[in-house]
Amino acid sequence: MQDARRHQSLTRLVQLFDGKEWILFNPYTGEQGVPANLLLWHTGGESILDVAGGTGSRVSFSMIRQTVPALDLVGAQNKDSLFNVISIQRLPNEEQSMFKLLLLLPIGALVVVFMRIIIGLKTSGTFMPILIAMAFLQTSLVLGVVSFVLVVAMGLVLRTYLSRLNLLLISRIATLVVLVIFIISALSLIGYQMGLNTGMTITFFPMIIIAWTIERMSILWEEEGPKEVVIQGGGSILVAVLAYALMKVSIIEHLTFNFPELNLVALALIMLMGQYTGYKLSELRRFRAMVDNNAGKISGKIQGLMHESAICECRG
């Protein structure tokens with residue numbers, strides 16, 4: 001049982017009777033006992049689903065964590081009010097899990113705006129870090145960062161070869177999309193063979209956006225050099241990690257899902273920062289020498305004025 005999972009299938013387990021009690025085993029891993037996140041759905045030899053006159057049937061499950069008390073939730077669902085009709089809780093679990101991720105996007109946008117406008121951090125693409133952070137939510141942080149760096153690094157190597165073919169832009173981007181799909185598929189299969197349970201979930205990465213990122217980084221490498229590529233790529237990962245850390249906070253997940261109108265607060269903060277025209281924090285360090293020079297000139301003028309005032313007082 002994991003939060004916001006869709007199209008999940010049943011896992012087959014084995015029960016053995018040792019003469020005193022039934023013991024549960026996982027035949028694939030050899031794990032004994034009932035895990036904490038396991039829900040026993042069906043036992044016995046009967047069929048899980050009986051279908052008459054149909055083909056291609058299957059059983060899948062969608063899960064979402066509800067933090068509303070059960071009695072209050074049942075009572076709210078039985079009320080015939082406008083807010084109850086348009087409530088997200090009235091949707092099936094599969095759609096609720098989709099909205100749970102969708103309503104976290106304003107939080108990621110708030111982090112990107114703050115880091116770009118107030119801090120002055122450079123990123124590869126304006127809102128690419130939000131998509132990376134959403135992919136991290138589907139995988140895990142360490143696995144997501146490693147997968148992203150590997151895919152982009154391998155894509156840059158292949159992009160160097162494509163530049164020798166003198167392809168048109170559209171054809172080059174389409175080729176990169178296909179190559180990125182092959183790279184991610186290969187990494188997924190390698191992760192699965194290594195026993196990483198989350199290895200297959202790295203396919204959640206936005207492939208077309210990654211292809212555009214590889215193209216932009218390759219052009220940036222040719223025009224500005226590898227240092228600028230590392231700065232913008234590292235900035236994108238840093239902003240994505242910060243957005244992931246904020247979106248992963250349980251209280252923020254609870255508030256954005258159960259009270260979606262609070263996203264208007266994030267909207268107001270974004271619009272407020274959009275009117276900021278002062279220096280960014282990175283620019284303060286950049287122009288520190290100019291500020292120190294101006295401060296020295298002002299201090300010298302003040303001392304000169306004080307000296308002239310002292311001479312006038314002595315003459316008087």
# chains A, B, ... in the order shown; residues from 1 in each chain; ligands from 1
>>> select_by_dssp(residues="segment 124-252 of chain A", states="alpha helix (DSSP H)", output="MDAnalysis selection string")
chainID A and resid 128:138 141:163 169:193 207:224 226:247 250:252
>>> residues_around(residues="Glu31 of chain A", least_positions_apart="6", cutoff="12 Å", atoms="only C-alpha atoms", output="ChimeraX atom specification")
/A:13-15,23-25
>>> atom_distance(atom1="atom CA of Gln96 of chain A", atom2="atom CA of Leu110 of chain A")
22.6 Å
>>> closest_residue(among="A:Met217, A:Leu49, A:Met63, A:Ile130", to="Val241 of chain A", atoms="only C-alpha atoms")
A:Ile130
>>> decode(residues="segment 97-235 of chain A", atoms="C-alpha atoms", output="PDB file, in the first residue's frame")
ATOM      1  CA  SER A  97      -4.348  10.582  -6.784  1.00  0.00           C
ATOM      2  CA  MET A  98      -3.895  12.520 -10.033  1.00  0.00           C
ATOM      3  CA  PHE A  99      -5.290  15.699  -8.440  1.00  0.00           C
ATOM      4  CA  LYS A 100      -3.091  15.132  -5.392  1.00  0.00           C
ATOM      5  CA  LEU A 101      -0.005  15.517  -7.577  1.00  0.00           C
ATOM      6  CA  LEU A 102      -1.525  18.235  -9.752  1.00  0.00           C
ATOM      7  CA  LEU A 103      -2.346  20.483  -6.781  1.00  0.00           C
ATOM      8  CA  LEU A 104       1.306  20.377  -5.712  1.00  0.00           C
ATOM      9  CA  LEU A 105       2.431  22.154  -8.901  1.00  0.00           C
ATOM     10  CA  PRO A 106       1.768  25.680  -7.512  1.00  0.00           C
ATOM     11  CA  ILE A 107       4.153  24.900  -4.627  1.00  0.00           C
ATOM     12  CA  GLY A 108       6.855  23.927  -7.109  1.00  0.00           C
ATOM     13  CA  ALA A 109       6.164  27.068  -9.147  1.00  0.00           C
ATOM     14  CA  LEU A 110       6.504  29.168  -5.989  1.00  0.00           C
ATOM     15  CA  VAL A 111       9.924  27.649  -5.289  1.00  0.00           C
ATOM     16  CA  VAL A 112      11.087  28.263  -8.866  1.00  0.00           C
ATOM     17  CA  VAL A 113       9.947  31.905  -8.822  1.00  0.00           C
ATOM     18  CA  PHE A 114      11.639  32.531  -5.467  1.00  0.00           C
ATOM     19  CA  MET A 115      14.925  30.943  -6.549  1.00  0.00           C
ATOM     20  CA  ARG A 116      14.945  32.712  -9.920  1.00  0.00           C
ATOM     21  CA  ILE A 117      13.762  36.218  -8.908  1.00  0.00           C
ATOM     22  CA  ILE A 118      14.913  36.629  -5.302  1.00  0.00           C
ATOM     23  CA  ILE A 119      17.981  34.375  -5.190  1.00  0.00           C
ATOM     24  CA  GLY A 120      18.981  34.753  -8.844  1.00  0.00           C
ATOM     25  CA  LEU A 121      19.831  31.088  -9.447  1.00  0.00           C
ATOM     26  CA  LYS A 122      20.234  30.018 -13.064  1.00  0.00           C
ATOM     27  CA  THR A 123      18.342  26.947 -14.291  1.00  0.00           C
ATOM     28  CA  SER A 124      18.144  25.079 -17.569  1.00  0.00           C
ATOM     29  CA  GLY A 125      14.685  26.103 -18.697  1.00  0.00           C
ATOM     30  CA  THR A 126      12.249  28.157 -16.672  1.00  0.00           C
ATOM     31  CA  PHE A 127      10.006  25.480 -15.187  1.00  0.00           C
ATOM     32  CA  MET A 128      11.997  22.362 -15.977  1.00  0.00           C
ATOM     33  CA  PRO A 129      12.793  21.907 -12.229  1.00  0.00           C
ATOM     34  CA  ILE A 130       9.066  21.478 -11.468  1.00  0.00           C
ATOM     35  CA  LEU A 131       8.797  18.554 -13.859  1.00  0.00           C
ATOM     36  CA  ILE A 132      11.944  17.016 -12.398  1.00  0.00           C
ATOM     37  CA  ALA A 133      10.527  17.422  -8.871  1.00  0.00           C
ATOM     38  CA  MET A 134       7.274  15.730  -9.937  1.00  0.00           C
ATOM     39  CA  ALA A 135       9.312  12.855 -11.318  1.00  0.00           C
ATOM     40  CA  PHE A 136      11.171  12.636  -7.992  1.00  0.00           C
ATOM     41  CA  LEU A 137       7.809  12.233  -6.243  1.00  0.00           C
ATOM     42  CA  GLN A 138       7.122   9.152  -8.361  1.00  0.00           C
ATOM     43  CA  THR A 139      10.559   7.648  -7.816  1.00  0.00           C
ATOM     44  CA  SER A 140      12.826   8.530  -4.913  1.00  0.00           C
ATOM     45  CA  LEU A 141      15.193  11.452  -4.481  1.00  0.00           C
ATOM     46  CA  VAL A 142      18.522   9.630  -4.807  1.00  0.00           C
ATOM     47  CA  LEU A 143      17.386   7.370  -7.632  1.00  0.00           C
ATOM     48  CA  GLY A 144      15.764  10.297  -9.433  1.00  0.00           C
ATOM     49  CA  VAL A 145      18.864  12.521  -9.266  1.00  0.00           C
ATOM     50  CA  VAL A 146      21.173   9.711 -10.423  1.00  0.00           C
ATOM     51  CA  SER A 147      18.815   8.769 -13.257  1.00  0.00           C
ATOM     52  CA  PHE A 148      18.438  12.361 -14.437  1.00  0.00           C
ATOM     53  CA  VAL A 149      22.199  13.002 -14.441  1.00  0.00           C
ATOM     54  CA  LEU A 150      22.884   9.744 -16.314  1.00  0.00           C
ATOM     55  CA  VAL A 151      20.218  10.394 -18.943  1.00  0.00           C
ATOM     56  CA  VAL A 152      21.383  13.964 -19.596  1.00  0.00           C
ATOM     57  CA  ALA A 153      25.071  12.972 -19.664  1.00  0.00           C
ATOM     58  CA  MET A 154      24.473  10.129 -22.120  1.00  0.00           C
ATOM     59  CA  GLY A 155      22.218  12.397 -24.173  1.00  0.00           C
ATOM     60  CA  LEU A 156      24.945  15.049 -24.433  1.00  0.00           C
ATOM     61  CA  VAL A 157      27.373  12.432 -25.739  1.00  0.00           C
ATOM     62  CA  LEU A 158      24.879  11.314 -28.388  1.00  0.00           C
ATOM     63  CA  ARG A 159      24.038  14.933 -29.218  1.00  0.00           C
ATOM     64  CA  THR A 160      27.720  15.548 -29.979  1.00  0.00           C
ATOM     65  CA  TYR A 161      27.563  12.799 -32.585  1.00  0.00           C
ATOM     66  CA  LEU A 162      24.311  14.176 -34.058  1.00  0.00           C
ATOM     67  CA  SER A 163      25.906  17.588 -34.561  1.00  0.00           C
ATOM     68  CA  ARG A 164      28.255  16.022 -37.108  1.00  0.00           C
ATOM     69  CA  LEU A 165      25.303  14.842 -39.228  1.00  0.00           C
ATOM     70  CA  ASN A 166      24.068  18.416 -39.848  1.00  0.00           C
ATOM     71  CA  LEU A 167      20.424  17.514 -39.202  1.00  0.00           C
ATOM     72  CA  LEU A 168      17.629  20.064 -39.196  1.00  0.00           C
ATOM     73  CA  LEU A 169      16.376  21.209 -35.771  1.00  0.00           C
ATOM     74  CA  ILE A 170      13.062  19.309 -35.853  1.00  0.00           C
ATOM     75  CA  SER A 171      14.717  16.115 -37.006  1.00  0.00           C
ATOM     76  CA  ARG A 172      17.465  16.484 -34.401  1.00  0.00           C
ATOM     77  CA  ILE A 173      14.968  16.982 -31.553  1.00  0.00           C
ATOM     78  CA  ALA A 174      12.884  14.008 -32.717  1.00  0.00           C
ATOM     79  CA  THR A 175      16.023  11.885 -32.842  1.00  0.00           C
ATOM     80  CA  LEU A 176      16.918  12.950 -29.308  1.00  0.00           C
ATOM     81  CA  VAL A 177      13.424  12.001 -28.086  1.00  0.00           C
ATOM     82  CA  VAL A 178      13.812   8.491 -29.514  1.00  0.00           C
ATOM     83  CA  LEU A 179      17.311   8.157 -28.058  1.00  0.00           C
ATOM     84  CA  VAL A 180      16.137   9.386 -24.639  1.00  0.00           C
ATOM     85  CA  ILE A 181      13.396   6.737 -24.673  1.00  0.00           C
ATOM     86  CA  PHE A 182      15.987   4.053 -25.380  1.00  0.00           C
ATOM     87  CA  ILE A 183      18.286   5.391 -22.650  1.00  0.00           C
ATOM     88  CA  ILE A 184      15.534   5.482 -20.019  1.00  0.00           C
ATOM     89  CA  SER A 185      14.305   2.025 -21.033  1.00  0.00           C
ATOM     90  CA  ALA A 186      17.826   0.627 -20.742  1.00  0.00           C
ATOM     91  CA  LEU A 187      18.316   2.211 -17.300  1.00  0.00           C
ATOM     92  CA  SER A 188      14.934   0.853 -16.188  1.00  0.00           C
ATOM     93  CA  LEU A 189      15.833  -2.692 -17.233  1.00  0.00           C
ATOM     94  CA  ILE A 190      19.264  -2.445 -15.605  1.00  0.00           C
ATOM     95  CA  GLY A 191      17.680  -1.182 -12.388  1.00  0.00           C
ATOM     96  CA  TYR A 192      15.181  -4.035 -12.426  1.00  0.00           C
ATOM     97  CA  GLN A 193      17.921  -6.616 -12.934  1.00  0.00           C
ATOM     98  CA  MET A 194      19.841  -5.094 -10.023  1.00  0.00           C
ATOM     99  CA  GLY A 195      16.839  -5.623  -7.774  1.00  0.00           C
ATOM    100  CA  LEU A 196      15.758  -1.989  -7.529  1.00  0.00           C
ATOM    101  CA  ASN A 197      11.998  -2.051  -7.036  1.00  0.00           C
ATOM    102  CA  THR A 198      11.681   1.565  -8.176  1.00  0.00           C
ATOM    103  CA  GLY A 199      13.850   1.068 -11.225  1.00  0.00           C
ATOM    104  CA  MET A 200      10.910   0.924 -13.632  1.00  0.00           C
ATOM    105  CA  THR A 201       9.394   4.155 -12.329  1.00  0.00           C
ATOM    106  CA  ILE A 202      12.075   6.394 -13.830  1.00  0.00           C
ATOM    107  CA  THR A 203       9.990   6.323 -17.021  1.00  0.00           C
ATOM    108  CA  PHE A 204       7.934   9.081 -15.358  1.00  0.00           C
ATOM    109  CA  PHE A 205      10.607  11.567 -16.398  1.00  0.00           C
ATOM    110  CA  PRO A 206       9.313  14.028 -19.019  1.00  0.00           C
ATOM    111  CA  MET A 207      11.110  12.635 -22.034  1.00  0.00           C
ATOM    112  CA  ILE A 208      10.397  15.417 -24.518  1.00  0.00           C
ATOM    113  CA  ILE A 209      11.433  18.069 -21.983  1.00  0.00           C
ATOM    114  CA  ILE A 210      14.642  16.164 -21.317  1.00  0.00           C
ATOM    115  CA  ALA A 211      15.326  16.040 -25.067  1.00  0.00           C
ATOM    116  CA  TRP A 212      14.933  19.830 -25.263  1.00  0.00           C
ATOM    117  CA  THR A 213      17.149  20.198 -22.196  1.00  0.00           C
ATOM    118  CA  ILE A 214      19.882  18.136 -23.834  1.00  0.00           C
ATOM    119  CA  GLU A 215      19.601  20.258 -26.985  1.00  0.00           C
ATOM    120  CA  ARG A 216      19.835  23.526 -25.038  1.00  0.00           C
ATOM    121  CA  MET A 217      22.749  22.290 -22.924  1.00  0.00           C
ATOM    122  CA  SER A 218      24.593  21.178 -26.049  1.00  0.00           C
ATOM    123  CA  ILE A 219      24.183  24.625 -27.641  1.00  0.00           C
ATOM    124  CA  LEU A 220      25.164  26.260 -24.348  1.00  0.00           C
ATOM    125  CA  TRP A 221      28.273  24.041 -24.220  1.00  0.00           C
ATOM    126  CA  GLU A 222      29.309  25.242 -27.670  1.00  0.00           C
ATOM    127  CA  GLU A 223      28.607  28.934 -26.980  1.00  0.00           C
ATOM    128  CA  GLU A 224      29.483  29.438 -23.300  1.00  0.00           C
ATOM    129  CA  GLY A 225      31.546  26.383 -22.395  1.00  0.00           C
ATOM    130  CA  PRO A 226      31.091  23.468 -19.954  1.00  0.00           C
ATOM    131  CA  LYS A 227      31.172  25.725 -16.878  1.00  0.00           C
ATOM    132  CA  GLU A 228      27.866  27.374 -17.760  1.00  0.00           C
ATOM    133  CA  VAL A 229      26.335  23.952 -18.472  1.00  0.00           C
ATOM    134  CA  VAL A 230      27.327  22.742 -15.018  1.00  0.00           C
ATOM    135  CA  ILE A 231      25.983  25.938 -13.402  1.00  0.00           C
ATOM    136  CA  GLN A 232      22.579  25.763 -15.079  1.00  0.00           C
ATOM    137  CA  GLY A 233      22.277  21.983 -14.775  1.00  0.00           C
ATOM    138  CA  GLY A 234      23.275  22.079 -11.114  1.00  0.00           C
ATOM    139  CA  GLY A 235      20.840  24.949 -10.530  1.00  0.00           C
TER     140      GLY A 235
END
